[in-house]
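Listing of target-v8.cif; format and content: mmCIF, C-alpha atoms.
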```
data_run
loop_
_atom_site.label_atom_id
_atom_site.label_comp_id
_atom_site.auth_asym_id
_atom_site.auth_seq_id
_atom_site.Cartn_x
_atom_site.Cartn_y
_atom_site.Cartn_z
CA MET Y 253 -5.54 -28.57 -99.87
CA PRO Y 254 -8.89 -30.24 -99.44
CA PRO Y 255 -11.46 -28.13 -97.63
CA LEU Y 256 -12.07 -30.80 -94.98
CA LEU Y 257 -8.41 -31.00 -94.00
CA LEU Y 258 -8.16 -27.21 -93.91
CA ALA Y 259 -11.15 -27.05 -91.59
CA LEU Y 260 -9.64 -29.66 -89.24
CA LEU Y 261 -6.31 -27.89 -89.21
CA SER Y 262 -7.95 -24.57 -88.47
CA GLY Y 263 -9.96 -26.12 -85.64
CA LEU Y 264 -6.85 -27.68 -84.12
CA ILE Y 265 -4.98 -24.39 -84.28
CA GLY Y 266 -7.91 -22.61 -82.64
CA LEU Y 267 -8.05 -25.21 -79.86
CA LEU Y 268 -4.34 -24.83 -79.16
CA LEU Y 269 -4.65 -21.05 -79.08
CA GLY Y 270 -7.63 -21.30 -76.70
CA LEU Y 271 -5.80 -23.63 -74.36
CA SER Y 272 -2.70 -21.47 -74.31
CA GLY Y 273 -4.79 -18.38 -73.64
CA LEU Y 274 -6.60 -20.12 -70.80
CA LEU Y 275 -3.31 -21.25 -69.28
CA ALA Y 276 -1.88 -17.75 -69.61
CA LEU Y 277 -4.97 -16.26 -68.00
CA ARG Y 278 -4.80 -18.67 -65.05
CA GLY Y 279 -1.11 -18.01 -64.59
CA SER Y 280 -1.69 -14.29 -64.71
CA SER Y 281 -4.50 -14.54 -62.17
CA ARG Y 282 -2.31 -16.61 -59.87
CA ARG Y 283 0.50 -14.06 -60.08
CA ARG Y 284 -1.91 -11.22 -59.39
CA ILE Y 285 -3.26 -13.03 -56.33
CA GLU Y 286 0.22 -13.79 -55.07
CA ALA Y 287 1.24 -10.20 -55.64
CA ALA Y 288 -1.87 -8.94 -53.84
CA GLU Y 289 -1.27 -11.15 -50.81
CA VAL Y 290 0.81 -9.53 -48.05
CA GLY Y 291 2.63 -12.16 -46.10
CA GLU Y 292 2.87 -11.73 -42.32
CA PRO Y 293 6.35 -10.51 -41.43
CA GLN Y 294 8.43 -13.19 -39.82
CA LEU Y 295 10.72 -12.62 -36.85
CA PRO Y 296 14.30 -13.84 -37.01
CA HIS Y 297 14.68 -17.50 -36.16
CA GLY Y 298 14.43 -18.11 -32.41
CA ALA Y 299 13.47 -14.52 -31.53
CA ALA Y 300 9.87 -15.41 -30.70
CA ASP Y 301 10.98 -18.17 -28.33
CA VAL Y 302 13.35 -15.84 -26.50
CA LEU Y 303 10.72 -13.13 -26.13
CA SER Y 304 8.17 -15.56 -24.72
CA VAL Y 305 10.40 -16.46 -21.76
CA MET Y 306 11.84 -13.03 -20.93
CA GLY Y 307 9.13 -12.10 -18.46
CA ARG Y 308 8.94 -8.50 -19.68
CA ALA Y 309 6.43 -6.59 -21.73
CA TYR Y 310 7.60 -6.42 -25.35
CA VAL Y 311 6.53 -4.98 -28.68
CA VAL Y 312 7.98 -5.75 -32.12
CA VAL Y 313 7.33 -3.19 -34.87
CA ASP Y 314 8.10 -3.29 -38.58
CA GLY Y 315 9.63 -0.67 -40.85
CA VAL Y 316 6.50 1.51 -40.87
CA ASP Y 317 5.97 1.36 -37.07
CA GLY Y 318 3.22 -1.25 -37.32
CA VAL Y 319 3.00 -3.69 -34.44
CA VAL Y 320 3.98 -7.16 -35.61
CA ARG Y 321 3.83 -8.84 -32.20
CA ALA Y 322 3.14 -7.66 -28.65
CA SER Y 323 2.83 -9.33 -25.27
CA PRO Y 324 -0.37 -9.14 -23.19
CA ALA Y 325 1.50 -6.97 -20.68
CA ALA Y 326 2.19 -4.39 -23.39
CA TYR Y 327 -1.55 -4.05 -23.96
CA ALA Y 328 -2.19 -3.97 -20.20
CA PHE Y 329 0.30 -1.13 -19.73
CA GLY Y 330 -1.41 0.82 -22.49
CA LEU Y 331 1.59 0.81 -24.84
CA VAL Y 332 -0.29 -0.75 -27.75
CA ARG Y 333 -3.78 -0.37 -29.10
CA GLY Y 334 -4.72 -2.61 -31.98
CA HIS Y 335 -1.65 -2.68 -34.25
CA SER Y 336 -0.26 0.72 -33.28
CA ILE Y 337 2.03 2.20 -30.65
CA VAL Y 338 -0.06 4.81 -28.84
CA ARG Y 339 2.67 6.69 -26.96
CA ASP Y 340 4.47 9.39 -28.93
CA GLU Y 341 7.49 9.17 -26.64
CA LEU Y 342 7.91 5.48 -27.44
CA LEU Y 343 7.48 6.10 -31.17
CA GLY Y 344 10.26 8.67 -30.96
CA MET Y 345 12.56 6.13 -29.29
CA ILE Y 346 11.73 3.51 -31.95
CA ARG Y 347 12.48 5.86 -34.85
CA SER Y 348 15.67 7.08 -33.23
CA ALA Y 349 16.92 3.52 -32.68
CA ARG Y 350 16.02 2.56 -36.27
CA ALA Y 351 17.84 5.57 -37.71
CA SER Y 352 21.00 5.31 -35.61
CA GLY Y 353 21.16 1.58 -34.94
CA VAL Y 354 22.00 2.42 -31.31
CA THR Y 355 20.00 1.01 -28.41
CA GLU Y 356 17.78 3.58 -26.71
CA GLU Y 357 17.14 3.40 -22.94
CA ARG Y 358 14.84 5.61 -20.88
CA ARG Y 359 12.61 5.61 -17.80
CA VAL Y 360 9.07 6.51 -18.80
CA GLU Y 361 6.07 7.47 -16.67
CA ILE Y 362 2.74 6.58 -18.22
CA GLY Y 363 -0.68 7.63 -17.02
CA ARG Y 364 -3.29 4.91 -16.61
CA GLY Y 365 -7.01 5.13 -17.08
CA ALA Y 366 -9.11 7.48 -19.14
CA GLU Y 367 -8.13 10.44 -16.98
CA ASN Y 368 -4.57 9.32 -16.22
CA THR Y 369 -5.42 9.04 -12.54
CA GLY Y 370 -2.66 6.49 -11.92
CA VAL Y 371 0.96 6.39 -13.04
CA ILE Y 372 3.14 3.42 -13.90
CA VAL Y 373 6.90 3.71 -14.21
CA LEU Y 374 8.60 1.67 -16.92
CA ASP Y 375 12.24 1.13 -17.79
CA VAL Y 376 12.10 1.03 -21.61
CA ARG Y 377 14.81 -0.30 -23.93
CA VAL Y 378 14.53 -0.11 -27.73
CA ALA Y 379 16.89 -1.95 -30.09
CA VAL Y 380 17.03 -2.96 -33.76
CA LEU Y 381 16.07 -6.61 -34.32
CA GLY Y 382 17.29 -8.01 -37.63
CA ASP Y 383 17.07 -5.99 -40.85
CA GLU Y 384 13.45 -4.93 -40.64
CA PHE Y 385 12.18 -5.00 -37.06
CA VAL Y 386 12.62 -2.92 -33.92
CA LEU Y 387 12.15 -4.45 -30.47
CA LEU Y 388 10.81 -2.51 -27.49
CA LEU Y 389 11.17 -4.01 -24.00
CA ALA Y 390 9.43 -2.51 -20.95
CA GLU Y 391 9.95 -3.50 -17.31
CA ASP Y 392 7.55 -2.32 -14.61
CA GLN Y 393 9.41 -0.36 -11.92
CA THR Y 394 6.37 1.22 -10.25
CA GLU Y 395 6.60 -0.67 -6.96
CA ILE Y 396 10.37 -0.26 -6.76
CA VAL Y 397 10.13 3.48 -7.33
CA ARG Y 398 7.32 3.75 -4.80
CA ALA Y 399 9.33 1.80 -2.21
CA GLN Y 400 12.37 3.99 -2.81
CA SER Y 401 10.25 7.09 -2.41
CA VAL Y 402 8.70 5.80 0.81
CA ARG Y 403 12.10 4.82 2.17
CA SER Y 404 13.62 8.20 1.31
CA GLU Y 405 10.68 10.01 2.87
CA PHE Y 406 10.90 7.81 5.95
CA VAL Y 407 14.62 8.49 6.38
CA ALA Y 408 14.03 12.22 5.96
CA ASN Y 409 11.22 12.15 8.52
CA VAL Y 410 13.28 10.12 10.98
CA SER Y 411 16.19 12.53 10.62
CA HIS Y 412 13.89 15.47 11.24
CA GLU Y 413 12.21 13.86 14.23
CA LEU Y 414 15.52 12.85 15.81
CA LYS Y 415 16.92 16.35 15.53
CA THR Y 416 14.47 17.78 18.08
CA PRO Y 417 15.22 15.54 21.10
CA VAL Y 418 18.91 15.25 20.26
CA GLY Y 419 19.25 19.02 19.97
CA ALA Y 420 17.26 19.53 23.16
CA ILE Y 421 19.46 17.08 25.06
CA ARG Y 422 22.59 18.87 23.89
CA LEU Y 423 21.25 22.30 24.91
CA LEU Y 424 20.05 21.04 28.28
CA ALA Y 425 23.41 19.43 28.97
CA GLU Y 426 25.11 22.76 28.24
CA ALA Y 427 22.58 24.54 30.49
CA ILE Y 428 23.29 22.14 33.35
CA GLU Y 429 27.01 22.70 32.90
CA ASP Y 430 26.60 26.50 32.97
CA ALA Y 431 24.31 26.37 36.03
CA ALA Y 432 26.42 23.94 38.02
CA GLU Y 433 26.37 26.24 41.07
CA ASP Y 434 22.58 26.71 41.02
CA GLU Y 435 20.99 23.63 42.55
CA ASP Y 436 17.42 24.58 41.59
CA ALA Y 437 18.39 25.27 37.97
CA VAL Y 438 20.29 22.00 37.74
CA ARG Y 439 17.29 20.12 39.09
CA HIS Y 440 14.98 21.89 36.61
CA PHE Y 441 17.20 21.24 33.60
CA ALA Y 442 17.84 17.65 34.69
CA SER Y 443 14.08 17.02 34.80
CA ARG Y 444 13.66 18.37 31.27
CA LEU Y 445 16.68 16.35 30.16
CA HIS Y 446 15.03 13.22 31.51
CA ARG Y 447 11.82 13.94 29.57
CA GLU Y 448 13.71 14.52 26.32
CA SER Y 449 15.73 11.34 26.77
CA GLU Y 450 12.49 9.41 27.32
CA ARG Y 451 11.06 10.92 24.16
CA LEU Y 452 14.17 9.96 22.21
CA THR Y 453 14.04 6.43 23.62
CA MET Y 454 10.39 6.02 22.63
CA LEU Y 455 11.07 7.33 19.13
CA VAL Y 456 13.98 4.94 18.58
CA GLN Y 457 11.94 2.04 19.95
CA ASP Y 458 9.04 2.81 17.60
CA ILE Y 459 11.38 3.06 14.62
CA ILE Y 460 12.95 -0.28 15.51
CA GLU Y 461 9.51 -1.81 16.05
CA LEU Y 462 8.21 -0.57 12.70
CA SER Y 463 11.31 -1.89 10.91
CA ARG Y 464 10.92 -5.25 12.63
CA LEU Y 465 7.27 -5.53 11.70
CA GLN Y 466 7.99 -4.71 8.07
CA GLY Y 467 10.49 -7.56 7.93
CA GLN Y 468 8.03 -10.20 9.15
CA ASN Y 469 5.71 -12.32 7.05
CA VAL Y 470 2.61 -13.37 8.93
CA VAL Y 471 1.58 -15.80 6.18
CA THR Y 472 4.66 -17.99 6.72
CA SER Y 473 5.33 -17.42 10.42
CA GLY Y 474 1.82 -17.04 11.85
CA GLU Y 475 -0.03 -19.39 14.19
CA PRO Y 476 -3.41 -19.51 15.96
CA VAL Y 477 -3.73 -16.59 18.38
CA ALA Y 478 -6.14 -16.30 21.31
CA LEU Y 479 -7.36 -12.72 21.06
CA SER Y 480 -8.53 -12.59 24.67
CA GLN Y 481 -4.91 -13.10 25.72
CA VAL Y 482 -3.82 -10.37 23.31
CA VAL Y 483 -6.27 -7.94 24.92
CA ALA Y 484 -5.23 -8.92 28.45
CA GLU Y 485 -1.54 -8.48 27.62
CA ALA Y 486 -2.05 -5.11 25.90
CA VAL Y 487 -4.12 -3.78 28.81
CA ASP Y 488 -1.57 -5.01 31.34
CA ARG Y 489 1.25 -3.20 29.55
CA ASN Y 490 -0.69 0.08 29.75
CA ARG Y 491 -1.93 -0.27 33.34
CA MET Y 492 0.84 1.77 34.97
CA THR Y 493 0.47 4.59 32.44
CA ALA Y 494 -3.28 4.69 33.04
CA GLU Y 495 -2.86 4.76 36.82
CA SER Y 496 -0.34 7.59 36.58
CA ARG Y 497 -2.94 9.66 34.70
CA ASP Y 498 -5.87 8.63 36.93
CA ILE Y 499 -7.62 6.83 34.05
CA SER Y 500 -9.56 3.59 34.44
CA LEU Y 501 -9.37 0.81 31.86
CA VAL Y 502 -12.70 -0.97 31.25
CA ILE Y 503 -12.71 -4.33 29.44
CA GLY Y 504 -15.82 -5.99 28.03
CA GLY Y 505 -16.77 -8.85 25.74
CA SER Y 506 -14.84 -11.84 24.49
CA VAL Y 507 -14.09 -13.77 21.29
CA ASP Y 508 -13.55 -17.53 21.60
CA ALA Y 509 -12.41 -18.33 18.06
CA PRO Y 510 -8.70 -17.87 17.33
CA ALA Y 511 -7.20 -15.64 14.66
CA PHE Y 512 -4.25 -16.63 12.49
CA GLY Y 513 -1.31 -14.32 12.92
CA ASP Y 514 1.46 -13.14 15.21
CA ALA Y 515 0.48 -12.58 18.84
CA ASP Y 516 3.29 -10.10 19.52
CA MET Y 517 2.37 -7.97 16.50
CA LEU Y 518 -1.32 -7.90 17.45
CA THR Y 519 -0.45 -7.05 21.04
CA THR Y 520 1.77 -4.20 19.86
CA ALA Y 521 -1.00 -2.78 17.67
CA LEU Y 522 -3.60 -2.91 20.43
CA ARG Y 523 -1.14 -1.58 23.01
CA ASN Y 524 -0.50 1.45 20.81
CA LEU Y 525 -4.23 2.15 20.49
CA ILE Y 526 -4.76 1.90 24.25
CA ASP Y 527 -1.70 4.05 24.92
CA ASN Y 528 -3.03 6.75 22.55
CA ALA Y 529 -6.43 6.63 24.22
CA ILE Y 530 -4.86 7.07 27.66
CA ARG Y 531 -2.63 9.93 26.58
CA TYR Y 532 -5.44 11.90 24.95
CA SER Y 533 -8.14 11.31 27.60
CA PRO Y 534 -8.58 13.80 30.45
CA PRO Y 535 -7.63 12.66 33.99
CA GLY Y 536 -10.42 10.96 35.90
CA THR Y 537 -12.05 9.44 32.78
CA ARG Y 538 -12.16 5.91 31.43
CA VAL Y 539 -10.86 4.11 28.37
CA GLY Y 540 -13.00 1.23 27.12
CA VAL Y 541 -11.72 -1.90 25.38
CA GLY Y 542 -14.49 -4.04 23.88
CA MET Y 543 -14.51 -7.28 21.91
CA ARG Y 544 -17.08 -9.04 19.79
CA ARG Y 545 -17.44 -11.36 16.80
CA HIS Y 546 -19.22 -10.20 13.65
CA ASP Y 547 -19.41 -11.82 10.20
CA GLY Y 548 -16.35 -13.99 10.73
CA MET Y 549 -14.28 -11.09 12.01
CA ALA Y 550 -13.10 -10.27 15.51
CA GLN Y 551 -13.67 -6.62 16.34
CA ILE Y 552 -11.61 -5.08 19.12
CA ALA Y 553 -12.55 -1.48 19.84
CA VAL Y 554 -10.75 1.10 21.96
CA ALA Y 555 -12.89 4.08 22.96
CA ASP Y 556 -11.52 7.22 24.64
CA GLN Y 557 -12.96 10.46 25.98
CA GLY Y 558 -10.39 12.69 24.35
CA PRO Y 559 -10.82 15.82 22.20
CA GLY Y 560 -11.69 13.85 19.05
CA ILE Y 561 -10.28 14.21 15.55
CA ALA Y 562 -11.56 16.60 12.91
CA GLU Y 563 -13.00 14.93 9.81
CA GLY Y 564 -10.39 16.54 7.58
CA GLU Y 565 -7.57 15.02 9.64
CA GLN Y 566 -8.89 11.47 9.84
CA GLU Y 567 -7.48 10.38 6.46
CA ARG Y 568 -3.93 11.31 7.46
CA ILE Y 569 -3.55 10.14 11.02
CA PHE Y 570 -2.17 6.75 9.94
CA GLU Y 571 0.72 8.39 8.09
CA ARG Y 572 4.15 8.08 9.65
CA PHE Y 573 5.03 10.96 11.97
CA TYR Y 574 1.77 12.75 11.25
CA ARG Y 575 0.29 14.49 14.29
CA VAL Y 576 -3.01 16.28 14.50
CA ASP Y 577 -1.66 18.62 17.19
CA SER Y 578 2.13 18.71 17.36
CA ALA Y 579 2.17 20.78 20.54
CA ARG Y 580 -0.13 18.34 22.34
CA SER Y 581 1.90 15.40 21.02
CA ARG Y 582 5.00 16.85 22.63
CA GLN Y 583 3.14 17.17 25.92
CA THR Y 584 1.75 13.64 25.78
CA GLY Y 585 5.00 12.12 24.50
CA GLY Y 586 3.71 10.73 21.21
CA THR Y 587 6.13 9.86 18.42
CA GLY Y 588 3.71 9.88 15.47
CA LEU Y 589 4.48 6.25 14.59
CA GLY Y 590 1.95 4.39 16.75
CA LEU Y 591 -0.98 4.47 14.34
CA SER Y 592 1.29 3.72 11.40
CA ILE Y 593 2.39 0.56 13.21
CA VAL Y 594 -1.27 -0.35 13.87
CA LYS Y 595 -2.19 0.02 10.20
CA HIS Y 596 0.80 -2.05 9.08
CA VAL Y 597 -0.03 -4.86 11.52
CA MET Y 598 -3.62 -5.00 10.28
CA GLN Y 599 -2.45 -5.16 6.67
CA GLN Y 600 -0.14 -8.03 7.57
CA HIS Y 601 -3.07 -9.93 9.09
CA GLY Y 602 -5.50 -9.28 6.24
CA GLY Y 603 -7.62 -7.01 8.44
CA ARG Y 604 -8.19 -3.30 8.83
CA VAL Y 605 -8.44 -0.54 11.39
CA ASP Y 606 -11.57 1.64 11.42
CA LEU Y 607 -12.00 5.03 13.05
CA TRP Y 608 -15.00 6.87 14.41
CA SER Y 609 -14.37 10.31 15.83
CA GLN Y 610 -15.96 13.69 16.30
CA GLU Y 611 -14.47 16.78 17.82
CA GLY Y 612 -15.44 17.02 21.46
CA GLN Y 613 -16.84 13.47 21.53
CA GLY Y 614 -13.72 11.35 21.64
CA SER Y 615 -12.55 8.63 19.27
CA THR Y 616 -13.08 4.91 18.77
CA PHE Y 617 -10.52 2.82 16.91
CA THR Y 618 -11.63 -0.69 15.90
CA LEU Y 619 -9.33 -3.53 14.85
CA CYS Y 620 -11.08 -5.94 12.47
CA ILE Y 621 -9.23 -9.26 12.36
CA PRO Y 622 -10.26 -12.34 10.32
CA LEU Y 623 -10.99 -15.41 12.45
CA MET Y 624 -9.91 -18.94 11.62
CA SER Y 625 -13.33 -20.62 11.97
CA GLU Y 626 -17.02 -19.78 11.74
CA GLN Y 627 -19.62 -20.68 14.33
CA GLN Y 628 -22.99 -21.94 13.05
CA GLY Y 629 -25.29 -19.11 12.14
CA ARG Y 630 -24.51 -15.44 12.23
CA ASP Y 631 -23.17 -14.11 15.49
CA ASP Y 632 -24.07 -10.47 15.09
CA GLN Y 633 -24.64 -9.75 18.74
CA ALA Y 634 -21.90 -8.53 21.05
CA ASP Y 635 -20.29 -11.05 23.37
CA GLY Y 636 -20.61 -8.47 26.15
CA ALA Y 637 -22.47 -5.23 26.67
CA GLU Y 638 -19.25 -3.23 26.72
CA GLY Y 639 -17.94 -4.90 23.56
CA ALA Y 640 -21.03 -3.90 21.61
CA ALA Y 641 -20.91 -0.44 23.14
CA ALA Y 642 -17.34 0.19 22.09
CA ILE Y 643 -17.77 -1.07 18.53
CA ASP Y 644 -21.15 0.49 17.72
CA ALA Y 645 -19.49 3.88 17.85
CA GLN Y 646 -21.43 5.28 14.94
CA GLU Y 647 -24.60 5.79 16.97
CA ALA Y 648 -25.95 9.24 17.58
CA ALA Y 649 -24.15 11.40 20.11
CA SER Y 650 -25.54 11.65 23.60
CA SER Y 651 -25.72 14.60 25.93
CA ARG Y 652 -23.55 13.13 28.68
CA ARG Y 653 -20.27 15.04 28.40
CA GLY Y 654 -20.69 14.85 24.64
CA LEU Y 655 -20.26 11.07 24.60
CA ARG Y 656 -22.31 8.70 22.47
CA PRO Y 657 -24.78 6.55 24.47
CA ALA Y 658 -22.94 3.36 23.50
CA ARG Y 659 -19.56 4.64 24.61
CA ALA Y 660 -20.99 6.21 27.72
CA GLY Y 661 -22.09 2.78 28.92
CA LEU Y 662 -18.68 1.38 28.15
CA ALA Y 663 -16.86 4.19 29.91
CA ARG Y 664 -18.96 3.70 33.05
CA GLY Y 665 -18.00 0.01 33.03
CA GLU Y 666 -21.51 -1.37 33.38
CA GLY Y 667 -21.03 -5.10 33.60
CA GLY Y 668 -17.44 -4.83 32.45
CA GLU Y 669 -14.13 -5.50 34.10
CA SER Y 670 -12.24 -2.47 35.36
CA ALA Y 671 -8.49 -2.84 35.08
#
```

Have the structure of the file written as C-alpha cells, please.
Amino acid sequence: MPPLLLALLSGLIGLLLGLSGLLALRGSSRRRIEAAEVGEPQLPHGAADVLSVMGRAYVVVDGVDGVVRASPAAYAFGLVRGHSIVRDELLGMIRSARASGVTEERRVEIGRGAENTGVIVLDVRVAVLGDEFVLLLAEDQTEIVRAQSVRSEFVANVSHELKTPVGAIRLLAEAIEDAAEDEDAVRHFASRLHRESERLTMLVQDIIELSRLQGQNVVTSGEPVALSQVVAEAVDRNRMTAESRDISLVIGGSVDAPAFGDADMLTTALRNLIDNAIRYSPPGTRVGVGMRRHDGMAQIAVADQGPGIAEGEQERIFERFYRVDSARSRQTGGTGLGLSIVKHVMQQHGGRVDLWSQEGQGSTFTLCIPLMSEQQGRDDQADGAEGAAAIDAQEAASSRRGLRPARAGLARGEGGESA
C-alpha cells in the first residue's frame, strides 16, 4: 500500500477514535451529573392542592424524616426548624405511623418561647401519604382548652358559692321549725334567713348578668353612649344603699364626647364599682365619682375611704369569686363577681380598668373608655375639680385621715354635686 494512502487511512482512523472518545466522555459526564443531582421529592398528584386549603398546620416528611413541605403555621408553632422536625414526640409519632401504616392521633402540649413560658395545645394526626411520605396535621386547640378550663372552674366556683347560702337557708328553716313556740327565736332566725336569701338572690343575679354580658358583642350591637347619663344612672341606682349606710355620693366633672358601646353594660360596670365603694367605706364618709377626658379616653373614677387593698392582692381582685377578706365580704354582702363583670365590660369596649390603692388610704378604680371623636388639641385638664381629684389618685398621701390630697378634695365635695 502506498505510504500516502496509509497515512490518510491512519489519520482517518485516529479522527474517528478521537470523536468516539469525546462523545463517550461527554455522555459519561452527563450521566455523572444526572446521577449526582438529587431531584426534589414530589407529592402525590393533587396532595399539595388539598393541603393548601385545609386550614391546618401541616408537615410532609420523606423516608428519612426530612421535611419536604411545611405550612407557615407549622413554623410558627415551632414544629419545624429548617428542614427538620424539632419535637421528639412528633418524630416518634411519624416513625410509628410509617412502621405500622396506622394513623396516629394525640393531643400535644408544646412550650413556646426560649424558656417555654407559654403553652399551645395541638391535636396532632400523623398518617402515611403515598409510598414515601408521611403527613402530619396539627390543629390549634389552645383557646378551646382554655375556655373549657375556665368554664369548668366557673361551674365549680358557682357550685361552691351556692352551697353556702343554700345550706344556711335550709338550716335556718329547720331552726325556725324547731323554735316555733319561741317568738324571739323565730324572729331572730327569720331575720338571718332574710339576709341569706338576699345573698343568694344577689349571687344568682350576678351570675346571670355575667353570662348575659359574655353573650353580647359590643362591636355589632353598640351605639353612641352619653357617659354623663351612664354616671347619673349608676349613681341613682346606688343612692338608697348609700343613704342606708350614711354615705354621701359626690359627683364631679363631665365628658361631652360620646363613647361607642352598650349603655346598660357600662352602667352595670360603674354601678358595681360604686356599690363596692359604698360597702367598704365607713359610715359617715363620702364616695367620689369623677369624670374627665384625657388623650381621647374618658376616665371615670370611683374613690372610696375604705380599708384599701394590699399590693399583693391587687392582681387577683378581678378574678371571679375572689375576695380579699371573705369574712368582711359576708358582712357587706359581696358576691365576688362585681369586679369580674367590670373587667369583662371594659374588655368588650376596648378599654381597661385601673386601680390605685393603699392599705388604710382607700381605693380608686378608674374606667378608661375610648371616645368616638377627638376635640382639637389635647384636653389634659379635668372637666371639673372633683373629676381630676378622683382620677389623679397616684399623688402622694395626705395626712387627713390617711387620704390623698386629691381624693380628700373629692370626698369633701368642693364644687361637686352631692347625691

Residues in the PyMOL selection byres ((chain Y and resi 382-397) around 7), expressed as a list in words: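 Evaluating the PyMOL selection byres ((chain Y and resi 382-397) around 7) on this file yields Pro296, Arg308, Ala309, Tyr310, Val311, Val312, Val313, Asp314, Gly315, Ile346, Arg350, Ile372, Val373, Leu374, Asp375, Val376, Arg377, Val378, Ala379, Val380, Leu381, Arg398, Ala399, Gln400 and Ser401 of chain Y.
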
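With CA of Ile337 in chain Y on one side and CA of Gly318 in chain Y on the other, the separation reads 7.6 Å.
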
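As for CA of Pro535 in chain Y and CA of Ala553 in chain Y, they are spaced 20.6 Å apart.
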
Between CA of His601 in chain Y and CA of Gly564 in chain Y, what is the distance, to one decimal in Å?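 A separation of 27.5 Å between them.
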
Take every atom of range 435-449 of chain Y listed in the file, fit an axis-aligned box around them, add 6 Å per side, and give the centre and edge lengths in Å to one decimal as JSON.
```
{"center_x": 16.4, "center_y": 18.3, "center_z": 34.4, "size_x": 21.2, "size_y": 25.9, "size_z": 28.2}
```

Would you kindly translate the PyMOL selection byres ((chain Y and resi 478) around 10) into the concrete residues it picks from this file, as an MDAnalysis selection string? chainID Y and resid 475:477 479:483 507:513 515
